[in-house]
>>> print(open('run.txt').read())   # compact mmCIF, C-alpha atoms
# COMPACT_ATOMS: atom_id res chain seq x y z
CA MET O 110 0.00 0.00 0.00
CA GLY O 111 1.44 3.34 -0.99
CA VAL O 112 1.80 5.75 1.90
CA ASP O 113 4.39 8.06 0.36
CA GLN O 114 2.08 11.06 0.60
CA TYR O 115 2.38 10.97 4.40
CA HIS O 116 5.21 12.68 6.22
CA GLU O 117 3.95 11.63 9.65
CA PRO O 118 2.89 8.16 10.87
CA PRO O 119 -0.46 7.57 9.07
CA ALA O 120 -1.93 5.78 12.10
CA GLU O 121 -1.53 8.94 14.15
CA LEU O 122 -3.31 11.12 11.58
CA SER O 123 -7.05 11.67 11.55
CA ALA O 124 -9.13 10.36 8.66
CA GLU O 125 -9.68 13.96 7.53
CA THR O 126 -5.95 14.67 7.45
CA ARG O 127 -5.25 11.47 5.52
CA THR O 128 -7.87 12.40 2.93
CA PHE O 129 -6.38 15.88 2.73
CA ALA O 130 -2.92 14.40 2.12
CA ARG O 131 -4.23 12.07 -0.60
CA LEU O 132 -5.88 14.92 -2.49
CA SER O 133 -2.78 17.08 -2.07
CA ALA O 134 -0.70 14.32 -3.64
CA SER O 135 -3.26 13.95 -6.41
CA LEU O 136 -3.11 17.69 -7.09
CA THR O 137 0.66 17.44 -7.51
CA GLU O 138 0.34 14.50 -9.88
CA GLU O 139 -2.23 16.24 -12.06
CA SER O 140 -0.04 19.34 -12.23
CA GLU O 141 2.95 17.25 -13.25
CA ALA O 142 0.90 15.54 -15.96
CA ILE O 143 -0.21 18.91 -17.34
CA GLY O 144 3.44 19.95 -17.60
CA TRP O 145 4.44 16.68 -19.27
CA TYR O 146 1.72 17.04 -21.91
CA ALA O 147 2.83 20.63 -22.50
CA GLN O 148 6.35 19.41 -23.27
CA ARG O 149 5.13 16.59 -25.53
CA LEU O 150 2.81 18.92 -27.42
CA ALA O 151 5.68 21.34 -27.93
CA LEU O 152 7.63 18.69 -29.84
CA GLU O 153 5.00 16.42 -31.43
CA SER O 154 4.23 17.12 -35.10
CA ASP O 155 1.72 14.35 -35.87
CA PRO O 156 -1.75 16.06 -35.89
CA GLU O 157 -3.62 12.98 -34.67
CA ALA O 158 -1.18 12.39 -31.82
CA ARG O 159 -1.40 16.07 -30.87
CA ALA O 160 -5.20 15.88 -30.78
CA ILE O 161 -5.05 12.92 -28.40
CA MET O 162 -2.56 14.70 -26.16
CA ARG O 163 -4.65 17.85 -26.08
CA ASP O 164 -7.66 15.78 -25.07
CA ALA O 165 -5.64 14.02 -22.36
CA GLN O 166 -4.27 17.30 -21.07
CA GLY O 167 -7.84 18.61 -20.86
CA GLU O 168 -8.67 15.70 -18.57
CA GLU O 169 -5.75 16.67 -16.33
CA PHE O 170 -6.98 20.28 -16.24
CA LYS O 171 -10.33 19.00 -15.00
CA HIS O 172 -8.78 16.65 -12.44
CA PHE O 173 -6.48 19.39 -11.14
CA CYS O 174 -9.39 21.81 -10.70
CA MET O 175 -11.53 19.24 -8.90
CA ASP O 176 -8.68 18.39 -6.52
CA LEU O 177 -8.02 22.07 -5.89
CA GLU O 178 -11.66 22.87 -5.23
CA PHE O 179 -11.90 20.02 -2.71
CA LEU O 180 -8.80 21.22 -0.85
CA LEU O 181 -9.99 24.84 -0.85
CA ARG O 182 -13.37 23.81 0.55
CA LYS O 183 -11.57 22.05 3.39
CA THR O 184 -9.22 24.96 4.09
CA PRO O 185 -10.99 28.30 4.49
CA VAL O 186 -7.79 30.32 4.89
CA TRP O 187 -6.36 28.82 1.70
CA ARG O 188 -9.66 29.58 -0.04
CA GLU O 189 -9.57 33.15 1.24
CA ILE O 190 -6.09 33.68 -0.18
CA ALA O 191 -7.03 31.97 -3.45
CA GLN O 192 -10.03 34.25 -3.88
CA GLY O 193 -7.68 37.23 -3.78
CA ILE O 194 -5.43 35.79 -6.48
CA LEU O 195 -7.39 33.59 -8.86
CA PHE O 196 -9.25 35.10 -11.85
CA GLN O 197 -7.99 38.59 -10.99
CA ALA O 198 -6.55 40.87 -13.63
CA GLY O 199 -3.34 42.72 -12.78
CA ASN O 200 -0.14 41.92 -10.94
CA ILE O 201 -0.21 38.38 -9.60
CA VAL O 202 2.47 38.96 -6.96
CA GLU O 203 0.75 42.06 -5.63
CA HIS O 204 -2.56 40.22 -5.44
CA GLY O 205 -0.80 37.38 -3.62
CA GLU O 206 0.79 39.65 -1.02
CA ALA O 207 -2.48 41.51 -0.47
CA ALA O 208 -4.50 38.30 -0.13
CA GLU O 209 -2.00 36.84 2.33
CA ALA O 210 -2.00 40.00 4.43
CA ALA O 211 -5.79 40.09 4.47
CA ALA O 212 -5.99 36.47 5.58
CA GLU O 213 -3.40 36.97 8.32
CA GLY O 214 -5.21 40.08 9.50
CA GLY O 215 -8.28 37.95 9.89
CA GLY O 216 -6.53 35.92 12.53
CA SER O 217 -7.64 32.71 10.90
CA HIS O 218 -4.30 30.97 11.27
CA GLY O 219 -1.05 31.32 13.14
CA PRO O 220 -0.54 31.56 16.91
CA ALA O 221 -2.93 34.46 17.36
CA GLY O 222 -5.63 32.62 15.50
CA GLY O 223 -5.65 29.42 17.47
CA THR O 224 -3.78 26.15 17.46
CA ASP O 225 -5.75 24.73 14.57
CA ARG O 226 -4.50 21.29 13.62
CA SER O 227 -7.27 20.30 11.26
CA PRO O 228 -7.14 20.71 7.51
CA ASP O 229 -10.45 22.55 7.34
CA GLY O 230 -8.79 25.68 8.69
CA SER O 231 -11.21 26.06 11.57
CA VAL O 232 -9.83 27.82 14.60
CA SER O 233 -9.82 25.47 17.53
CA LEU O 234 -7.63 23.68 20.01
CA GLY O 235 -7.49 20.79 17.56
CA ILE O 236 -8.75 18.15 19.98
CA GLY O 237 -11.11 16.38 17.59
CA SER O 238 -11.76 12.68 17.93
CA LEU O 239 -10.36 10.91 20.96
CA LYS O 240 -11.80 7.55 19.97
CA GLU O 241 -9.21 7.06 17.25
CA ARG O 242 -6.34 7.53 19.63
CA LEU O 243 -7.53 4.59 21.72
CA ALA O 244 -8.28 2.32 18.80
CA MET J 86 -10.90 38.39 12.02
CA ASN J 87 -13.18 35.60 13.15
CA HIS J 88 -15.80 35.64 15.87
CA LEU J 89 -13.38 34.51 18.58
CA LEU J 90 -11.76 37.97 18.41
CA ARG J 91 -8.43 36.53 19.53
CA SER J 92 -6.40 39.22 17.82
CA LEU J 93 -8.14 41.88 19.95
CA ALA J 94 -7.00 40.37 23.26
CA PRO J 95 -4.29 42.35 25.04
CA ILE J 96 -1.96 39.37 25.22
CA THR J 97 0.93 38.11 23.13
CA ASP J 98 1.06 35.07 20.88
CA ALA J 99 3.19 33.32 23.50
CA THR J 100 0.51 33.85 26.14
CA TRP J 101 -2.15 32.59 23.77
CA SER J 102 -0.09 29.45 23.37
CA VAL J 103 0.04 28.99 27.13
CA LEU J 104 -3.72 29.43 27.48
CA ASP J 105 -4.42 27.04 24.60
CA ARG J 106 -2.07 24.42 26.02
CA GLU J 107 -3.55 24.74 29.50
CA ALA J 108 -7.07 24.39 28.10
CA THR J 109 -6.13 21.35 26.03
CA ASP J 110 -4.35 19.70 28.96
CA HIS J 111 -7.49 19.95 31.08
CA LEU J 112 -10.03 19.19 28.36
CA VAL J 113 -8.56 16.03 26.86
CA PRO J 114 -8.69 13.88 30.03
CA ALA J 115 -12.17 15.21 30.85
CA LEU J 116 -13.75 14.59 27.43
CA GLY J 117 -14.46 10.96 28.23
CA ALA J 118 -17.49 10.60 25.96
CA ARG J 119 -15.39 11.45 22.89
CA ARG J 120 -13.36 8.30 23.55
CA LEU J 121 -16.46 6.21 22.96
CA VAL J 122 -18.40 7.83 20.11
CA ASP J 123 -17.75 8.59 16.44
CA PHE J 124 -16.53 12.11 15.72
CA SER J 125 -17.23 14.04 12.53
CA GLY J 126 -15.76 17.43 11.71
CA PRO J 127 -14.96 20.07 12.67
CA HIS J 128 -17.21 21.52 9.99
CA GLY J 129 -16.73 25.15 11.00
CA TRP J 130 -18.57 27.80 12.98
CA GLN J 131 -21.04 28.41 10.16
CA HIS J 132 -22.16 24.78 10.15
CA SER J 133 -25.60 25.01 11.74
CA ALA J 134 -27.37 21.69 11.43
CA THR J 135 -26.96 17.96 10.91
CA ASN J 136 -28.71 16.39 7.94
CA LEU J 137 -31.04 13.64 9.15
CA GLY J 138 -32.05 12.51 5.68
CA ARG J 139 -35.75 12.70 6.50
CA THR J 140 -38.63 14.98 5.62
CA THR J 141 -41.86 16.13 7.20
CA PRO J 142 -44.81 16.25 4.77
CA LEU J 143 -46.46 19.65 4.66
CA THR J 144 -50.23 19.62 4.84
CA ALA J 145 -50.65 22.67 2.67
CA ASP J 146 -49.84 22.32 -1.01
CA PRO J 147 -47.99 25.25 -2.58
CA ALA J 148 -49.93 24.89 -5.85
CA VAL J 149 -52.48 22.65 -7.45
CA GLY J 150 -50.84 19.33 -8.29
CA VAL J 151 -47.69 20.10 -6.29
CA THR J 152 -46.87 18.60 -2.90
CA ALA J 153 -44.28 19.88 -0.46
CA ALA J 154 -42.13 18.39 2.26
CA GLN J 155 -39.72 20.00 4.65
CA ARG J 156 -36.27 18.63 5.45
CA LYS J 157 -35.63 17.48 9.01
CA VAL J 158 -32.36 18.60 10.54
CA LEU J 159 -30.80 18.52 13.99
CA PRO J 160 -29.56 22.02 14.83
CA LEU J 161 -26.14 22.27 16.44
CA ILE J 162 -25.90 23.63 19.95
CA GLU J 163 -23.31 26.11 21.11
CA LEU J 164 -21.67 25.59 24.49
CA ARG J 165 -19.71 28.39 26.10
CA SER J 166 -17.92 28.53 29.43
CA ALA J 167 -16.45 31.85 30.53
CA PHE J 168 -13.25 32.33 32.52
CA ARG J 169 -10.95 35.17 33.42
CA VAL J 170 -7.26 35.59 34.08
CA ALA J 171 -5.80 38.31 36.29
CA ARG J 172 -3.76 40.90 34.44
CA ALA J 173 -1.04 40.47 37.05
CA GLU J 174 -0.83 36.77 36.24
CA LEU J 175 -0.65 37.51 32.52
CA ALA J 176 2.17 39.97 33.17
CA ASP J 177 4.03 37.34 35.19
CA LEU J 178 3.56 34.90 32.35
CA GLU J 179 5.28 37.33 30.00
CA ARG J 180 8.18 37.58 32.45
CA GLY J 181 8.62 33.85 32.24
CA ALA J 182 6.76 32.75 35.36
CA LEU J 183 6.02 29.03 35.24
CA GLU J 184 3.41 28.75 37.98
CA VAL J 185 0.64 31.14 37.05
CA ASN J 186 -2.87 30.96 38.41
CA LEU J 187 -5.13 29.65 35.63
CA ALA J 188 -7.59 27.99 38.00
CA ASP J 189 -10.57 29.73 36.43
CA LEU J 190 -9.60 28.37 33.01
CA ASP J 191 -9.18 24.89 34.48
CA GLU J 192 -12.66 25.08 36.02
CA ALA J 193 -14.19 26.32 32.75
CA ALA J 194 -12.59 23.37 30.95
CA ARG J 195 -13.99 20.98 33.53
CA CYS J 196 -17.47 22.49 33.19
CA ILE J 197 -17.70 22.46 29.40
CA ALA J 198 -16.25 18.95 29.15
CA SER J 199 -18.76 17.73 31.71
CA ALA J 200 -21.58 19.42 29.78
CA GLU J 201 -20.49 17.72 26.55
CA ASN J 202 -20.30 14.34 28.29
CA THR J 203 -23.73 14.84 29.83
CA ALA J 204 -25.32 15.81 26.51
CA ILE J 205 -23.91 12.67 24.92
CA PHE J 206 -24.97 10.24 27.63
CA ALA J 207 -27.95 11.87 29.35
CA GLY J 208 -29.15 14.04 26.48
CA PHE J 209 -30.12 17.69 26.41
CA ALA J 210 -33.83 18.03 25.76
CA PRO J 211 -33.90 21.79 25.05
CA ALA J 212 -31.59 21.15 22.10
CA GLY J 213 -33.38 18.04 20.91
CA ILE J 214 -30.44 15.80 21.82
CA THR J 215 -31.29 12.30 23.02
CA GLY J 216 -28.50 10.76 25.04
CA ILE J 217 -27.11 7.26 24.77
CA ALA J 218 -28.54 6.23 28.14
CA GLN J 219 -31.95 7.69 27.31
CA ALA J 220 -32.13 5.90 23.98
CA SER J 221 -31.16 2.42 25.17
CA PRO J 222 -34.15 0.06 24.97
CA HIS J 223 -32.54 -2.61 27.15
CA ALA J 224 -33.59 -3.18 30.75
CA PRO J 225 -30.93 -1.55 32.96
CA ILE J 226 -28.63 -3.77 34.99
CA PRO J 227 -28.00 -1.94 38.26
CA LEU J 228 -24.41 -1.66 39.39
CA GLY J 229 -24.79 -3.60 42.58
CA GLY J 230 -23.07 -3.25 45.88
CA GLU J 231 -19.45 -4.16 45.95
CA CYS J 232 -17.07 -3.34 43.14
CA GLU J 233 -16.07 -7.03 42.92
CA HIS J 234 -19.49 -7.66 41.37
CA TYR J 235 -18.85 -5.29 38.46
CA PRO J 236 -17.24 -7.89 36.15
CA ALA J 237 -20.29 -10.16 36.37
CA GLN J 238 -22.65 -7.23 35.73
CA VAL J 239 -20.59 -5.92 32.83
CA ALA J 240 -20.32 -9.42 31.33
CA LYS J 241 -24.10 -9.67 31.53
CA ALA J 242 -24.44 -6.32 29.78
CA ALA J 243 -22.07 -7.41 27.01
CA GLU J 244 -24.06 -10.62 26.63
CA VAL J 245 -27.30 -8.64 26.21
CA LEU J 246 -25.72 -6.52 23.47
CA LEU J 247 -24.33 -9.58 21.72
CA ARG J 248 -27.73 -11.29 21.79
CA ALA J 249 -29.24 -8.16 20.26
CA GLY J 250 -26.85 -8.52 17.35
CA ILE J 251 -24.55 -5.72 18.44
CA ALA J 252 -20.94 -6.66 17.79
CA GLY J 253 -18.00 -5.50 19.87
CA PRO J 254 -15.53 -4.42 20.87
CA TYR J 255 -17.35 -2.82 23.75
CA GLY J 256 -16.33 0.03 25.99
CA ILE J 257 -17.65 1.24 29.29
CA ALA J 258 -18.27 4.76 30.49
CA LEU J 259 -17.95 5.11 34.25
CA SER J 260 -18.71 7.95 36.61
CA PRO J 261 -15.53 9.38 38.18
CA ALA J 262 -16.43 7.73 41.51
CA ASP J 263 -16.98 4.32 39.94
CA TYR J 264 -13.86 4.67 37.83
CA THR J 265 -11.81 5.29 40.95
CA ARG J 266 -13.33 2.26 42.64
CA VAL J 267 -12.55 0.08 39.63
CA VAL J 268 -8.96 1.26 39.47
CA GLU J 269 -8.41 0.76 43.21
CA THR J 270 -10.10 -2.61 43.67
CA THR J 271 -8.81 -6.13 43.24
CA GLU J 272 -10.83 -9.31 43.27
CA HIS J 273 -10.25 -12.16 45.67
CA GLY J 274 -6.89 -13.49 44.63
CA GLY J 275 -5.60 -10.01 43.82
CA TYR J 276 -6.62 -9.79 40.16
CA PRO J 277 -7.35 -6.14 39.33
CA ILE J 278 -10.98 -5.37 38.47
CA PHE J 279 -9.73 -3.00 35.75
CA GLU J 280 -7.92 -5.82 33.95
CA HIS J 281 -10.89 -8.14 34.28
CA LEU J 282 -13.27 -5.57 32.78
CA SER J 283 -10.85 -4.89 29.93
CA ARG J 284 -10.79 -8.58 29.02
CA ILE J 285 -14.59 -8.79 29.05
CA LEU J 286 -15.13 -5.65 26.97
CA GLY J 287 -12.25 -5.71 24.51
CA GLY J 288 -12.32 -1.92 24.59
CA PRO J 289 -11.53 1.00 26.86
CA ILE J 290 -12.72 1.75 30.37
CA VAL J 291 -13.35 5.46 30.36
CA ARG J 292 -13.81 7.96 33.16
CA VAL J 293 -16.65 10.29 32.15
CA PRO J 294 -17.17 13.37 34.33
CA GLY J 295 -20.85 14.30 34.41
CA LEU J 296 -22.02 10.70 34.22
CA GLY J 297 -23.72 8.86 37.07
CA GLY J 298 -23.41 5.07 37.03
CA ALA J 299 -22.12 3.31 33.92
CA VAL J 300 -22.96 2.58 30.30
CA VAL J 301 -21.63 -0.34 28.27
CA LEU J 302 -21.67 0.39 24.54
CA SER J 303 -20.38 -0.95 21.27
CA LEU J 304 -17.37 0.70 19.67
CA ARG J 305 -17.87 -0.91 16.25
CA GLY J 306 -18.76 2.50 14.84
CA GLY J 307 -21.79 4.08 13.20
CA ASP J 308 -24.03 3.91 16.27
CA PHE J 309 -23.27 7.15 18.15
CA LEU J 310 -22.48 10.23 16.10
CA PHE J 311 -20.93 13.43 17.42
CA GLU J 312 -20.86 16.14 14.76
CA SER J 313 -18.60 19.05 15.51
CA GLY J 314 -19.18 22.48 14.02
CA GLN J 315 -16.50 24.48 15.76
CA ASP J 316 -14.37 22.27 17.95
CA LEU J 317 -13.40 23.51 21.39
CA SER J 318 -11.72 26.90 21.08
CA VAL J 319 -10.61 29.75 23.30
CA GLY J 320 -12.06 33.16 22.50
CA PHE J 321 -11.60 36.67 23.84
CA GLU J 322 -14.54 38.45 25.45
CA ARG J 323 -13.36 41.70 27.01
CA SER J 324 -10.69 43.45 29.02
CA GLY J 325 -11.34 44.61 32.56
CA ASP J 326 -9.31 46.72 34.94
CA THR J 327 -7.95 43.77 36.85
CA HIS J 328 -8.77 40.79 34.67
CA VAL J 329 -8.98 39.76 31.02
CA HIS J 330 -12.10 37.77 30.22
CA PHE J 331 -12.06 34.77 27.87
CA TYR J 332 -14.29 31.82 27.11
CA LEU J 333 -14.19 28.25 25.89
CA GLU J 334 -16.65 27.51 23.13
CA GLU J 335 -17.78 24.76 20.80
CA SER J 336 -20.75 23.83 18.64
CA PHE J 337 -21.96 20.30 17.99
CA SER J 338 -24.86 17.93 17.54
CA PHE J 339 -25.17 14.39 18.79
CA ARG J 340 -27.47 11.57 17.74
CA VAL J 341 -27.92 7.90 18.41
CA THR J 342 -28.54 5.83 15.29
CA THR J 343 -28.60 2.42 16.99
CA PRO J 344 -30.25 2.75 20.42
CA GLU J 345 -29.80 -0.96 21.16
CA ALA J 346 -26.00 -0.61 20.92
CA ALA J 347 -25.78 0.54 24.55
CA LEU J 348 -26.94 -0.71 27.93
CA VAL J 349 -27.23 1.33 31.11
CA LEU J 350 -25.88 0.20 34.48
CA PRO J 351 -27.31 2.76 36.90
CA ALA J 352 -25.60 3.48 40.18
CA PRO J 353 -27.43 1.72 43.02
CA HIS J 354 -28.03 4.90 44.96
CA THR J 355 -29.57 6.74 42.03
CA LEU J 356 -30.88 4.02 39.70
CA ARG J 357 -30.46 6.52 36.91
CA VAL J 358 -27.78 7.68 34.58
CA GLY J 359 -27.26 11.31 33.97
CA GLY J 360 -25.72 14.48 35.19
>>> encode(input="run.txt", output="structure tokens")
Amino acid sequence: MGVDQYHEPPAELSAETRTFARLSASLTEESEAIGWYAQRLALESDPEARAIMRDAQGEEFKHFCMDLEFLLRKTPVWREIAQGILFQAGNIVEHGEAAEAAAEGGGSHGPAGGTDRSPDGSVSLGIGSLKERLA
Amino acid sequence: MNHLLRSLAPITDATWSVLDREATDHLVPALGARRLVDFSGPHGWQHSATNLGRTTPLTADPAVGVTAAQRKVLPLIELRSAFRVARAELADLERGALEVNLADLDEAARCIASAENTAIFAGFAPAGITGIAQASPHAPIPLGGECEHYPAQVAKAAEVLLRAGIAGPYGIALSPADYTRVVETTEHGGYPIFEHLSRILGGPIVRVPGLGGAVVLSLRGGDFLFESGQDLSVGFERSGDTHVHFYLEESFSFRVTTPEAALVLPAPHTLRVGG
């Protein structure tokens, strides 16, 4: 069983965190595939082969977006930053800095925002389930 | 800024860390019920209700040839327990003092944990929560007399659940007084009651503040569902001249989907289970 997406002992992670890690790994894989198809399309001259690759790359675009949307729904602070950057005209770096500052000002993460340990970004002490720890 | 208003409190990040750690240290051992039920979430502060998957037919039709039904949901409840810390203590904390007086925080943690345990086992009617002990259809088996009798009574409870088709492993929730008795007592021959109960149940023996008596329940999963909106958090309320006021807060719903998966063993002096 592949557990490479975990950097901590899987048995000590909550089910939510394991799901979050799986989708994060999937997001990476889809992004890599998009890049690979971009390279292949840059060199391939056969029209039929290019059409197949474009179609395949479109699938990866879809997969990447679905993974990303799932992760953003589970992580409000990530979503908040993404909303300040994605689909905005203008300077991407400036939007990124502004979105980050706005999110930090909201106190929704970091020491002043709680000791959140869950992937959904909620501000709490992170106690969660205690049943799993005894299992 | 979120509704906890933590960034408005006149304390540093380091002090917040101390308060959070102190709260966690006192909450975790007191949240006994969470060791025995399924936990879902946290789904966030804006999560307001649990989907029950059922509808109530509406008697009035909105239009000719059109019927209507309304979804049934279980609204989450919000629990809050206030505490305060003296400004002088907070100042000492910043100086590096190790023994600061956080007794009010400790008491707030004890209170909100006990309230959560009670809602799970005894229910909380104003919020529409039916507790595990309330829901159980089995005839109670009173915890009788001496602690040495507990293994026989618990074995009988496990047998009742098994006959009802409820698989184990099983766990037992004990009142703090009964838990202490179990830990302290040995049977004739010196075998610890705690070990004997563990072998019978196959699951944990849990001290549950707020509970009276005991409840044996299945831990197979899917029978007792705790849904967390906002998990336990520390928020800032206001600053006073001599104290800073905070609170512990959470939101959750609880429901029993398999009432027969638990059996009540009431304490002999109360013959009831509850807060």
>>> atom_distance(input="run.txt", atom1="CA of Asp113 (chain O)", atom2="CA of Ile143 (chain O)")
21.3 Å
>>> atom_distance(input="run.txt", atom1="CA of Leu348 (chain J)", atom2="CA of His234 (chain J)")
16.9 Å
>>> atom_distance(input="run.txt", atom1="CA of Arg292 (chain J)", atom2="CA of Thr265 (chain J)")
8.5 Å
>>> residues_around(input="run.txt", residues="Ala194 (chain J)", least_positions_apart="6", cutoff="9 Å", atoms="all atoms listed in the file", output="list in words")
Ala108, Thr109, His111, Leu112, Ala115, Ser166 and Leu333 of chain J
>>> interface_residues(input="run.txt", of="chain J", to="chain O", cutoff="9 Å", atoms="all atoms listed in the file", output="number ranges by chain")
J: 86-87, 89-92, 97-99, 101-102, 105-106, 108-109, 112-113, 116-130, 288-289, 304, 313, 315-320, 335
>>> residues_near_point(input="run.txt", point="(-3.2, 18.8, -20.1)", cutoff="10 Å", atoms="only C-alpha atoms", output="MDAnalysis selection string")
chainID O and resid 139:147 150 162:173
>>> axis_aligned_box(input="run.txt", around="region 126-137 of chain O", padding_each_side="8 Å", output="JSON")
{"center_x": -3.6, "center_y": 14.6, "center_z": 0.0, "size_x": 24.5, "size_y": 22.2, "size_z": 31.0}
>>> residues_around(input="run.txt", residues="Leu183 (chain J)", least_positions_apart="3", cutoff="12 Å", atoms="all atoms listed in the file", output="list in words")
Thr100, Val103, Glu107, Glu174, Leu175, Ala176, Asp177, Leu178, Glu179, Arg180, Asn186 and Leu187 of chain J
>>> residues_around(input="run.txt", residues="Leu180 (chain O)", least_positions_apart="4", cutoff="9 Å", atoms="all atoms listed in the file", output="ChimeraX atom specification")
/O:129,132-133,175-176,184,187-188,228-229
>>> closest_residue(input="run.txt", among="J:Val267, J:Ala352, J:Ala193, J:Ala249", to="Val300 (chain J)", atoms="all atoms listed in the file")
J:Ala352
>>> residues_around(input="run.txt", residues="Ala299 (chain J)", least_positions_apart="3", cutoff="8 Å", atoms="all atoms listed in the file", output="PDB file with C-alpha atoms, keeping the file's coordinate frame")
ATOM      1  CA  LEU J 228     -24.410  -1.660  39.390  1.00  0.00           C
ATOM      2  CA  ILE J 257     -17.650   1.240  29.290  1.00  0.00           C
ATOM      3  CA  ALA J 258     -18.270   4.760  30.490  1.00  0.00           C
ATOM      4  CA  LEU J 259     -17.950   5.110  34.250  1.00  0.00           C
ATOM      5  CA  SER J 260     -18.710   7.950  36.610  1.00  0.00           C
ATOM      6  CA  ASP J 263     -16.980   4.320  39.940  1.00  0.00           C
ATOM      7  CA  LEU J 296     -22.020  10.700  34.220  1.00  0.00           C
ATOM      8  CA  VAL J 349     -27.230   1.330  31.110  1.00  0.00           C
ATOM      9  CA  LEU J 350     -25.880   0.200  34.480  1.00  0.00           C
ATOM     10  CA  PRO J 351     -27.310   2.760  36.900  1.00  0.00           C
ATOM     11  CA  ALA J 352     -25.600   3.480  40.180  1.00  0.00           C
ATOM     12  CA  VAL J 358     -27.780   7.680  34.580  1.00  0.00           C
TER      13      VAL J 358
END
